[in-house]
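Next up, data_32.txt (compact mmCIF, C-alpha atoms and all ligand atoms):
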```txt
# COMPACT_ATOMS: atom_id res chain seq x y z
CA MET A 1 60.35 62.70 116.49
CA ASP A 2 59.64 63.33 120.16
CA ARG A 3 62.29 62.00 122.63
CA GLU A 4 59.89 59.60 124.28
CA LYS A 5 59.13 58.03 120.90
CA LEU A 6 62.83 57.93 120.02
CA LEU A 7 63.58 56.12 123.28
CA THR A 8 60.70 53.67 122.90
CA GLU A 9 61.79 52.88 119.36
CA ALA A 10 65.43 52.45 120.39
CA ARG A 11 64.41 50.22 123.33
CA ASP A 12 62.17 48.04 121.14
CA ARG A 13 64.74 47.67 118.40
CA TYR A 14 67.59 47.09 120.83
CA GLY A 15 65.50 44.46 122.67
CA GLU A 16 64.87 42.69 119.35
CA ALA A 17 68.58 42.72 118.52
CA LEU A 18 69.33 41.15 121.91
CA ILE A 19 66.76 38.40 121.46
CA LEU A 20 68.07 37.70 117.96
CA GLY A 21 71.62 37.73 119.38
CA GLU A 22 72.76 40.23 116.72
CA PRO A 23 75.63 42.44 117.98
CA VAL A 24 75.94 44.33 114.69
CA LEU A 25 72.26 45.24 114.73
CA ALA A 26 72.46 46.21 118.42
CA ARG A 27 75.39 48.52 117.69
CA ALA A 28 73.53 50.06 114.73
CA VAL A 29 70.52 50.81 116.98
CA ILE A 30 72.75 52.50 119.55
CA GLU A 31 74.62 54.49 116.91
CA GLN A 32 71.34 55.65 115.42
CA ALA A 33 70.03 56.65 118.86
CA LEU A 34 73.18 58.73 119.43
CA GLY A 35 72.85 60.22 115.95
CA ARG A 36 69.28 61.26 116.79
CA GLY A 37 70.50 63.21 119.79
CA LEU A 38 69.84 60.83 122.69
CA SER A 39 72.51 61.18 125.37
CA ARG A 40 74.80 58.35 126.44
CA ALA A 41 73.34 58.48 129.94
CA GLU A 42 69.79 58.23 128.57
CA ILE A 43 70.76 55.24 126.46
CA TYR A 44 72.36 53.55 129.48
CA LEU A 45 69.37 54.14 131.75
CA GLU A 46 66.47 53.96 129.35
CA VAL A 47 67.56 51.53 126.67
CA LEU A 48 70.23 49.15 128.00
CA ALA A 49 69.02 48.69 131.62
CA PRO A 50 65.31 48.04 130.87
CA SER A 51 66.21 45.75 127.96
CA GLN A 52 68.38 43.63 130.28
CA ILE A 53 65.59 43.44 132.84
CA ARG A 54 63.04 42.47 130.16
CA LEU A 55 65.46 39.80 129.04
CA GLY A 56 65.51 38.43 132.58
CA GLU A 57 61.73 38.19 132.57
CA MET A 58 61.81 36.29 129.27
CA TRP A 59 64.43 33.94 130.62
CA HIS A 60 62.37 33.42 133.75
CA GLU A 61 59.25 32.69 131.66
CA GLY A 62 61.31 30.24 129.59
CA SER A 63 60.83 32.13 126.29
CA ILE A 64 64.62 32.43 125.84
CA ASN A 65 67.28 30.01 127.04
CA VAL A 66 70.49 30.52 128.99
CA ALA A 67 72.65 30.65 125.85
CA GLN A 68 70.52 33.47 124.41
CA GLU A 69 70.64 35.32 127.73
CA HIS A 70 74.46 34.95 127.90
CA LEU A 71 74.91 36.28 124.37
CA ALA A 72 72.52 39.18 125.02
CA THR A 73 74.33 40.10 128.25
CA THR A 74 77.66 40.04 126.41
CA ILE A 75 76.24 42.35 123.75
CA THR A 76 75.04 44.80 126.41
CA MET A 77 78.47 44.75 128.08
CA GLU A 78 80.02 45.56 124.68
CA MET A 79 77.57 48.41 124.13
CA MET A 80 78.47 49.79 127.55
CA ASP A 81 82.15 49.67 126.55
CA TYR A 82 81.28 51.52 123.35
CA LEU A 83 79.21 54.19 125.10
CA ARG A 84 81.81 54.62 127.85
CA GLN A 85 84.51 55.48 125.32
CA GLY A 86 82.63 58.60 124.21
CA MET A 87 81.69 59.86 127.65
CA THR A 88 83.13 63.17 128.81
CA PRO A 89 83.71 63.09 132.55
CA ARG A 90 83.21 66.18 134.69
CA LYS A 91 86.38 67.72 136.06
CA GLY A 92 88.22 65.41 138.46
CA LEU A 93 86.91 65.44 142.03
CA GLY A 94 90.16 64.06 143.46
CA MET A 95 88.22 61.12 144.90
CA ARG A 96 88.84 57.44 144.34
CA ALA A 97 86.20 54.72 144.27
CA VAL A 98 86.46 50.95 144.04
CA VAL A 99 83.33 49.34 142.59
CA THR A 100 82.71 45.60 142.67
CA PRO A 101 80.02 42.95 142.90
CA VAL A 102 80.19 41.09 146.21
CA GLU A 103 81.98 37.77 146.35
CA GLY A 104 79.97 35.00 144.71
CA ASP A 105 77.66 37.30 142.78
CA GLN A 106 78.13 37.04 139.04
CA HIS A 107 75.83 39.93 138.14
CA THR A 108 78.19 42.63 136.94
CA ILE A 109 76.13 44.96 134.74
CA GLY A 110 74.56 47.03 137.54
CA ALA A 111 77.96 47.46 139.21
CA ARG A 112 79.50 48.48 135.88
CA MET A 113 76.79 51.13 135.45
CA ILE A 114 77.54 52.55 138.90
CA ALA A 115 81.27 52.60 138.05
CA ASP A 116 80.63 54.43 134.78
CA PHE A 117 78.35 57.06 136.29
CA LEU A 118 80.82 57.72 139.11
CA ALA A 119 83.56 58.09 136.48
CA MET A 120 81.36 60.54 134.57
CA ASP A 121 80.88 62.45 137.80
CA GLY A 122 84.65 62.95 138.03
CA TRP A 123 85.69 60.09 140.33
CA GLU A 124 88.76 58.01 139.65
CA VAL A 125 87.17 54.58 139.49
CA PHE A 126 88.59 51.06 139.77
CA PHE A 127 86.00 48.55 138.62
CA LEU A 128 86.72 44.97 139.65
CA GLY A 129 84.61 43.02 137.19
CA ASN A 130 83.98 40.03 139.38
CA GLY A 131 83.15 39.49 143.02
CA THR A 132 86.43 39.71 144.95
CA PRO A 133 87.04 37.92 148.28
CA GLY A 134 86.78 40.36 151.20
CA LYS A 135 90.43 40.10 152.27
CA ASP A 136 91.83 40.77 148.79
CA LEU A 137 89.36 43.56 148.24
CA ALA A 138 90.38 45.17 151.55
CA GLU A 139 94.05 45.01 150.54
CA PHE A 140 93.33 46.50 147.11
CA VAL A 141 91.35 49.33 148.71
CA ARG A 142 94.29 50.04 151.03
CA GLN A 143 96.84 50.04 148.18
CA ARG A 144 94.72 52.42 146.12
CA ASN A 145 93.89 54.63 149.08
CA ALA A 146 90.22 54.64 148.05
CA ASP A 147 87.74 57.10 149.52
CA LEU A 148 84.72 54.98 148.69
CA VAL A 149 83.91 51.33 148.07
CA ALA A 150 80.65 50.62 146.23
CA LEU A 151 79.46 47.04 146.65
CA SER A 152 76.79 45.53 144.41
CA SER A 153 74.69 42.57 145.42
CA THR A 154 71.97 41.13 143.21
CA LEU A 155 71.21 37.91 145.06
CA PRO A 156 70.13 38.21 148.70
CA GLU A 157 72.10 35.09 149.65
CA PHE A 158 75.31 37.02 149.00
CA LEU A 159 74.48 39.96 151.26
CA ALA A 160 76.38 38.23 154.05
CA ASN A 161 79.47 38.52 151.83
CA ALA A 162 78.91 42.28 151.65
CA ALA A 163 79.04 42.38 155.46
CA THR A 164 82.20 40.23 155.49
CA ALA A 165 83.87 42.45 152.89
CA ALA A 166 82.90 45.59 154.81
CA GLY A 167 84.40 44.13 157.99
CA ALA A 168 87.66 43.25 156.22
CA ILE A 169 87.86 46.71 154.61
CA ARG A 170 87.42 48.44 157.97
CA GLU A 171 90.04 46.23 159.59
CA ALA A 172 92.67 46.83 156.90
CA ASN A 173 92.13 50.55 156.40
CA SER A 174 92.63 53.32 158.90
CA PRO A 175 90.72 55.55 158.47
CA PRO A 176 88.38 53.28 156.52
CA PRO A 177 86.79 54.44 153.27
CA LYS A 178 83.04 54.98 153.10
CA ILE A 179 81.16 51.88 152.05
CA LEU A 180 78.05 52.10 149.87
CA LEU A 181 75.87 49.08 149.13
CA GLY A 182 73.34 48.67 146.33
CA GLY A 183 71.74 46.23 143.94
CA LYS A 184 68.60 44.20 143.54
CA ALA A 185 69.27 42.12 146.69
CA LEU A 186 68.25 45.11 148.79
CA ASP A 187 64.65 44.74 147.55
CA ARG A 188 64.54 41.34 149.19
CA THR A 189 65.92 42.04 152.63
CA THR A 190 64.84 43.91 155.71
CA GLN A 191 68.48 44.41 156.73
CA GLY A 192 69.69 47.98 156.53
CA ALA A 193 73.10 49.49 155.78
CA GLU A 194 74.28 49.40 159.38
CA GLU A 195 73.38 45.74 159.92
CA LEU A 196 75.31 44.91 156.77
CA GLY A 197 78.35 46.81 157.98
CA CYS A 198 78.01 49.57 155.38
CA ASP A 199 77.64 53.32 155.67
CA ALA A 200 74.68 53.71 153.34
CA THR A 201 72.58 52.05 150.68
CA ALA A 202 71.22 53.51 147.46
CA GLY A 203 68.82 52.36 144.77
CA ASP A 204 69.67 53.50 141.25
CA VAL A 205 72.63 55.11 139.54
CA LEU A 206 71.63 58.69 140.23
CA GLU A 207 71.11 57.97 143.90
CA ALA A 208 74.42 56.13 143.90
CA VAL A 209 76.25 59.21 142.65
CA ALA A 210 74.44 61.55 145.05
CA GLU A 211 74.98 59.25 148.02
CA SER A 212 78.66 58.69 147.18
CA ARG A 213 79.25 62.42 147.15
CA ARG A 214 77.40 62.87 150.42
CA LEU A 215 79.37 60.08 152.09
CA VAL A 216 82.73 61.61 151.27
CA GLY A 217 81.60 65.10 152.25
CA LEU A 218 81.15 66.66 148.83
CA ARG A 219 77.92 68.22 150.02
CA GLU A 220 78.51 71.70 148.74
CA GLU A 221 79.09 70.66 145.16
CA ARG A 222 76.55 72.36 142.93
CA LEU A 223 74.88 70.62 140.04
CA SER A 224 75.06 72.30 136.67
CA LEU A 225 71.71 73.45 135.30
CA GLU A 226 71.81 70.62 132.78
CA GLU A 227 72.35 68.02 135.53
CA GLN A 228 69.64 69.51 137.74
CA LEU A 229 67.16 69.45 134.86
CA ALA A 230 68.08 65.85 134.04
CA MET A 231 67.58 64.75 137.65
CA MET A 232 64.36 66.70 137.99
CA GLY A 233 63.08 65.13 134.77
CA LEU A 234 63.78 61.65 136.11
CA LYS A 235 62.02 62.45 139.41
CA ILE A 236 58.96 63.73 137.55
CA LYS A 237 58.88 60.68 135.31
CA GLU A 238 59.26 58.39 138.33
CA ALA A 239 56.37 60.13 140.16
CA ARG A 240 54.17 60.04 137.05
CA THR A 241 54.75 56.38 136.24
CA SER A 242 54.34 55.30 139.86
CA ARG A 243 50.88 56.94 139.67
CA ARG A 244 50.24 55.10 136.40
CA MET A 245 49.70 58.37 134.56
CA THR A 246 50.48 58.82 130.89
CA GLN A 247 52.32 61.93 129.76
CA GLN A 248 49.02 63.08 128.25
CA ALA A 249 47.25 62.64 131.59
CA LEU A 250 49.93 64.70 133.34
CA ALA A 251 49.72 67.32 130.57
CA ASP A 252 45.92 67.54 131.01
CA ALA A 253 46.13 67.68 134.80
CA SER A 254 48.80 70.39 134.78
CA GLY A 255 47.48 72.40 131.85
CA LEU A 256 50.81 71.99 130.03
CA ASP A 257 51.48 70.55 126.61
CA ARG A 258 52.40 66.84 126.30
CA THR A 259 55.47 67.67 124.21
CA TYR A 260 56.56 70.04 126.99
CA ILE A 261 56.16 67.25 129.59
CA SER A 262 58.24 64.96 127.38
CA LEU A 263 61.02 67.55 127.13
CA VAL A 264 60.90 68.10 130.90
CA GLU A 265 61.20 64.38 131.63
CA HIS A 266 64.25 64.18 129.41
CA GLY A 267 65.92 67.13 131.08
CA LYS A 268 65.70 69.20 127.92
CA GLN A 269 63.39 71.91 129.21
CA ASN A 270 64.44 74.76 131.50
CA LEU A 271 61.21 74.98 133.52
CA SER A 272 59.72 78.13 135.00
CA ILE A 273 58.79 78.08 138.71
CA GLY A 274 55.16 78.21 137.58
CA ALA A 275 55.56 75.06 135.49
CA VAL A 276 57.25 73.21 138.37
CA LEU A 277 54.35 74.18 140.63
CA LYS A 278 51.74 73.04 138.09
CA ILE A 279 53.49 69.67 137.70
CA ALA A 280 53.90 69.22 141.47
CA TYR A 281 50.19 69.97 142.05
CA ALA A 282 49.12 67.65 139.23
CA LEU A 283 51.25 64.84 140.68
CA ASP A 284 50.24 65.77 144.22
CA VAL A 285 53.85 65.79 145.45
CA PRO A 286 55.68 68.43 147.49
CA ILE A 287 57.75 70.63 145.21
CA GLY A 288 60.89 69.72 147.21
CA ASP A 289 60.52 66.10 146.09
CA LEU A 290 61.07 67.17 142.50
CA VAL A 291 64.05 69.43 143.08
CA VAL A 292 66.91 67.15 144.01
CA SER A 293 70.60 67.74 144.28
CA PRO A 294 73.59 65.72 145.46
CA SER A 295 74.00 68.22 148.27
CA SER A 296 70.63 67.27 149.78
CA GLU A 297 70.69 64.88 152.72
CA GLY A 298 70.57 61.23 151.72
CA LYS A 299 69.72 58.28 153.88
CA GLY A 300 72.36 56.99 156.23
C1 LIG B 401 72.13 38.93 133.17
C2 LIG B 401 71.65 38.09 134.33
C3 LIG B 401 72.47 37.06 134.78
C4 LIG B 401 73.85 36.81 134.20
C5 LIG B 401 74.82 37.90 134.74
C6 LIG B 401 75.94 38.21 133.75
C7 LIG B 401 76.67 39.46 134.08
N1 LIG B 401 77.89 39.52 133.59
O1 LIG B 401 76.19 40.37 134.76
C8 LIG B 401 74.19 35.37 134.74
C9 LIG B 401 73.86 34.37 133.65
C10 LIG B 401 75.60 35.14 135.21
C11 LIG B 401 73.16 35.21 135.84
C12 LIG B 401 73.24 34.20 136.78
C13 LIG B 401 72.28 33.95 137.73
N2 LIG B 401 71.14 34.59 137.92
CO1 LIG B 401 70.71 36.20 136.98
N3 LIG B 401 69.95 37.65 135.97
C14 LIG B 401 70.40 38.35 134.97
C15 LIG B 401 69.36 39.37 134.51
C16 LIG B 401 68.70 38.82 133.25
C17 LIG B 401 69.81 40.77 134.21
C18 LIG B 401 70.63 41.43 135.34
C19 LIG B 401 71.00 42.80 134.88
O2 LIG B 401 71.99 42.97 134.20
N4 LIG B 401 70.15 43.82 135.17
C20 LIG B 401 70.33 45.18 134.69
C21 LIG B 401 71.06 46.01 135.75
C22 LIG B 401 71.32 47.41 135.22
O3 LIG B 401 70.18 46.11 136.87
P1 LIG B 401 70.71 45.86 138.37
O4 LIG B 401 71.76 44.86 138.39
O5 LIG B 401 69.53 45.66 139.25
O6 LIG B 401 71.40 47.25 138.75
C23 LIG B 401 70.66 48.43 139.00
C24 LIG B 401 70.35 48.64 140.48
O7 LIG B 401 70.14 47.44 141.18
C25 LIG B 401 71.48 49.47 140.98
N5 LIG B 401 72.70 48.86 141.50
C26 LIG B 401 73.32 47.74 141.15
N6 LIG B 401 74.47 47.60 141.81
C27 LIG B 401 74.59 48.65 142.63
C28 LIG B 401 75.60 49.00 143.54
C29 LIG B 401 75.48 50.18 144.26
C30 LIG B 401 76.55 50.58 145.22
C31 LIG B 401 74.33 50.99 144.10
C32 LIG B 401 74.17 52.21 144.90
C33 LIG B 401 73.32 50.63 143.20
C34 LIG B 401 73.46 49.47 142.47
O8 LIG B 401 71.85 50.25 139.86
C35 LIG B 401 71.60 49.57 138.64
C36 LIG B 401 70.98 50.54 137.65
O9 LIG B 401 69.75 51.04 138.12
C37 LIG B 401 68.43 39.40 135.78
C38 LIG B 401 67.01 39.83 135.48
C39 LIG B 401 66.62 41.13 136.20
N7 LIG B 401 65.33 41.32 136.29
O10 LIG B 401 67.44 41.88 136.65
C40 LIG B 401 68.60 37.97 136.34
C41 LIG B 401 68.39 37.72 137.81
C42 LIG B 401 69.02 38.83 138.63
N8 LIG B 401 69.16 36.43 138.05
C43 LIG B 401 68.56 35.65 138.83
C44 LIG B 401 69.05 34.37 139.18
C45 LIG B 401 68.12 33.50 140.03
C46 LIG B 401 70.31 33.94 138.76
C47 LIG B 401 70.97 32.58 139.09
C48 LIG B 401 70.83 32.12 140.54
C49 LIG B 401 70.38 31.57 138.09
C50 LIG B 401 70.86 30.13 138.28
N9 LIG B 401 69.91 29.32 138.67
O11 LIG B 401 71.98 29.83 138.07
C51 LIG B 401 72.44 32.83 138.72
C52 LIG B 401 73.30 33.30 139.91
C53 LIG B 401 74.75 33.32 139.57
C54 LIG B 401 75.53 34.03 140.64
N10 LIG B 401 76.24 33.29 141.45
O12 LIG B 401 75.49 35.24 140.74
C55 LIG B 401 67.28 36.23 139.38
C56 LIG B 401 67.44 36.71 140.82
C57 LIG B 401 66.22 36.39 141.66
C58 LIG B 401 66.50 36.74 143.10
N11 LIG B 401 66.43 35.79 143.96
O13 LIG B 401 66.74 37.87 143.42
C59 LIG B 401 66.95 37.34 138.31
C60 LIG B 401 66.14 38.53 138.86
C61 LIG B 401 66.16 36.64 137.17
C62 LIG B 401 64.77 36.20 137.61
N12 LIG B 401 63.73 36.93 137.25
O14 LIG B 401 64.63 35.17 138.26
N13 LIG B 401 72.20 36.09 135.77
```
Mind turning the file's structure into structure tokens?
Ligand code: B12
Amino acid sequence: MDREKLLTEARDRYGEALILGEPVLARAVIEQALGRGLSRAEIYLEVLAPSQIRLGEMWHEGSINVAQEHLATTITMEMMDYLRQGMTPRKGLGMRAVVTPVEGDQHTIGARMIADFLAMDGWEVFFLGNGTPGKDLAEFVRQRNADLVALSSTLPEFLANAATAAGAIREANSPPPKILLGGKALDRTTQGAEELGCDATAGDVLEAVAESRRLVGLREERLSLEEQLAMMGLKIKEARTSRRMTQQALADASGLDRTYISLVEHGKQNLSIGAVLKIAYALDVPIGDLVVSPSSEGKG
């Protein structure tokens, strides 16, 4: 079965298991997805994350209640624990990161994902499961001699706590670590990193990893071919879906096969320059937008 179909099937079945509140079924879906060759990172990003977000919509619409949402969130946390155990991190970077939701914010899943992807990237990561008061966080960061603090804020009303934490961290640490801010709250504010006392903001997990590296000066690090293809695949998929194109439409517009596009989007196809050009033209994006690497400049 094609990867896109495998992912869709895993997402649908995992979503059903969450709504039913069936941890055993959820685990079986994830085990089957792994058995069928989907990577742990793909399962994190394309099965667990969208299922949680869908769950939020259902809760918002009132089609599931708070108890069902709590159980489903617990199941996803358990699946993340399970997936994390089998992850093989890259060689150690010699960098330490503290990852935490901001004080008051109980949304921990996004922060946990950032922590896990940083760990996979070779960082030594301390994940503080719950929002920690700024002063205690600053002290912890000092004790651990962290190079980076990644703060996660889902609710905009807690962004002020990110600024407070950043202030406390800077006061207690000389030189201070780099401070990265992310999470859904950023979609609902016009405030930028600087106003919130942080060094940078980032959107998703891949950006978080790239931006973290840039902040601590790991600019020259090269991506492996596998990583570059995975990131390029995600960029292509992002550009295609934002243009509301199906894989078939992109295949037709680029003169490539749909199965080939599917492999590309999942980072499983080593593309020729010609194929990259065809895809860039069909999507009407500059080729440089598709070729990303952690060493490229991020936003400050
Ligand atoms: C699960 C959940 C909860 C759980 C959280 C449990 C837990 N242990 O995490 C509980 C029940 C506690 C909860 C509570 C509330 N919630 Co809630 N919750 C959700 C839900 C369903 C899923 C969140 C989630 O896990 N998403 C999946 C993760 C992977 O996505 P993410 O967090 O956005 O993270 C991604 C990025 O943002 C980014 N990222 C995240 N952190 C960081 C950090 C850095 C440094 C970087 C670079 C990137 C980054 O990377 C991640 C991967 O791409 C969402 C629905 C939704 N649409 O998101 C609502 C949602 C976030 N909640 C919402 C609300 C309103 C609440 C409550 C106020 C409800 C209430 N009336 O009590 C409370 C607030 C409690 C509090 N003080 O925090 C609203 C927020 C609306 C808004 N104003 O923004 C949402 C959107 C639901 C909705 N549609 O209304 N919630």
Please return as a compact mmCIF listing (two decimals) with C-alpha atoms, keeping the file's coordinate frame the residues found within 8 Å of ligand LIG 401 (chain B), counting only C-alpha atoms and all ligand atoms.
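New file part35.txt:
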```
# COMPACT_ATOMS: atom_id res chain seq x y z
CA LEU A 45 69.37 54.14 131.75
CA LEU A 48 70.23 49.15 128.00
CA ALA A 49 69.02 48.69 131.62
CA PRO A 50 65.31 48.04 130.87
CA SER A 51 66.21 45.75 127.96
CA GLN A 52 68.38 43.63 130.28
CA ILE A 53 65.59 43.44 132.84
CA ARG A 54 63.04 42.47 130.16
CA LEU A 55 65.46 39.80 129.04
CA GLY A 56 65.51 38.43 132.58
CA GLU A 57 61.73 38.19 132.57
CA TRP A 59 64.43 33.94 130.62
CA HIS A 60 62.37 33.42 133.75
CA VAL A 66 70.49 30.52 128.99
CA GLU A 69 70.64 35.32 127.73
CA HIS A 70 74.46 34.95 127.90
CA THR A 73 74.33 40.10 128.25
CA THR A 74 77.66 40.04 126.41
CA MET A 77 78.47 44.75 128.08
CA VAL A 99 83.33 49.34 142.59
CA THR A 100 82.71 45.60 142.67
CA PRO A 101 80.02 42.95 142.90
CA GLY A 104 79.97 35.00 144.71
CA ASP A 105 77.66 37.30 142.78
CA GLN A 106 78.13 37.04 139.04
CA HIS A 107 75.83 39.93 138.14
CA THR A 108 78.19 42.63 136.94
CA ILE A 109 76.13 44.96 134.74
CA GLY A 110 74.56 47.03 137.54
CA ALA A 111 77.96 47.46 139.21
CA ARG A 112 79.50 48.48 135.88
CA MET A 113 76.79 51.13 135.45
CA ILE A 114 77.54 52.55 138.90
CA VAL A 149 83.91 51.33 148.07
CA ALA A 150 80.65 50.62 146.23
CA LEU A 151 79.46 47.04 146.65
CA SER A 152 76.79 45.53 144.41
CA SER A 153 74.69 42.57 145.42
CA THR A 154 71.97 41.13 143.21
CA LEU A 155 71.21 37.91 145.06
CA PRO A 156 70.13 38.21 148.70
CA LEU A 180 78.05 52.10 149.87
CA LEU A 181 75.87 49.08 149.13
CA GLY A 182 73.34 48.67 146.33
CA GLY A 183 71.74 46.23 143.94
CA LYS A 184 68.60 44.20 143.54
CA ALA A 185 69.27 42.12 146.69
CA ARG A 188 64.54 41.34 149.19
CA THR A 201 72.58 52.05 150.68
CA ALA A 202 71.22 53.51 147.46
CA GLY A 203 68.82 52.36 144.77
CA ASP A 204 69.67 53.50 141.25
CA VAL A 205 72.63 55.11 139.54
CA GLU A 207 71.11 57.97 143.90
CA ALA A 208 74.42 56.13 143.90
CA VAL A 209 76.25 59.21 142.65
CA GLU A 211 74.98 59.25 148.02
```
- Have a look at atom CA of A:Thr76 and atom CA of A:Asp187 and let me know their distance in Å, one decimal. 23.6 Å
- Item | Neighbour list for A:Ala72 as a ChimeraX atom specification, cut-off 8 Å, all atoms listed in the file, skip fewer than 3 positions in-chain | /A:18-19,21,68-69,75-76
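Between atom CA of A:Met120 and atom CA of A:Gln85 there is a distance of 11.0 Å.
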- Query: atom CA of A:Gly15 and atom CA of A:Met80, how far apart in Å?
  - Reply: 14.8 Å
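Near stretch 6-10 of chain A, within 8 Å and counting all atoms listed in the file, sit Met1, Asp2, Tyr14, Val29, Ile30, Ala33, Arg36, Leu38, Ile43, Glu46 and Val47 of chain A, not including residues fewer than 4 positions from it in the same chain.
The residue set within 10 Å of A:Leu277, counting all atoms listed in the file and dropping same-chain residues fewer than 6 places from it, reads Ser254, Leu271, Leu283, Val285, Pro286, Ile287 and Leu290 of chain A.
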- Task: Compile the contact shell of A:Pro176 as a list in words: residues with an atom at most 9 Å away, counting all atoms listed in the file, same-chain residues fewer than 5 positions apart removed.
- Result: Arg142, Ala146, Asp147, Leu148, Ile169, Arg170 and Glu171 of chain A
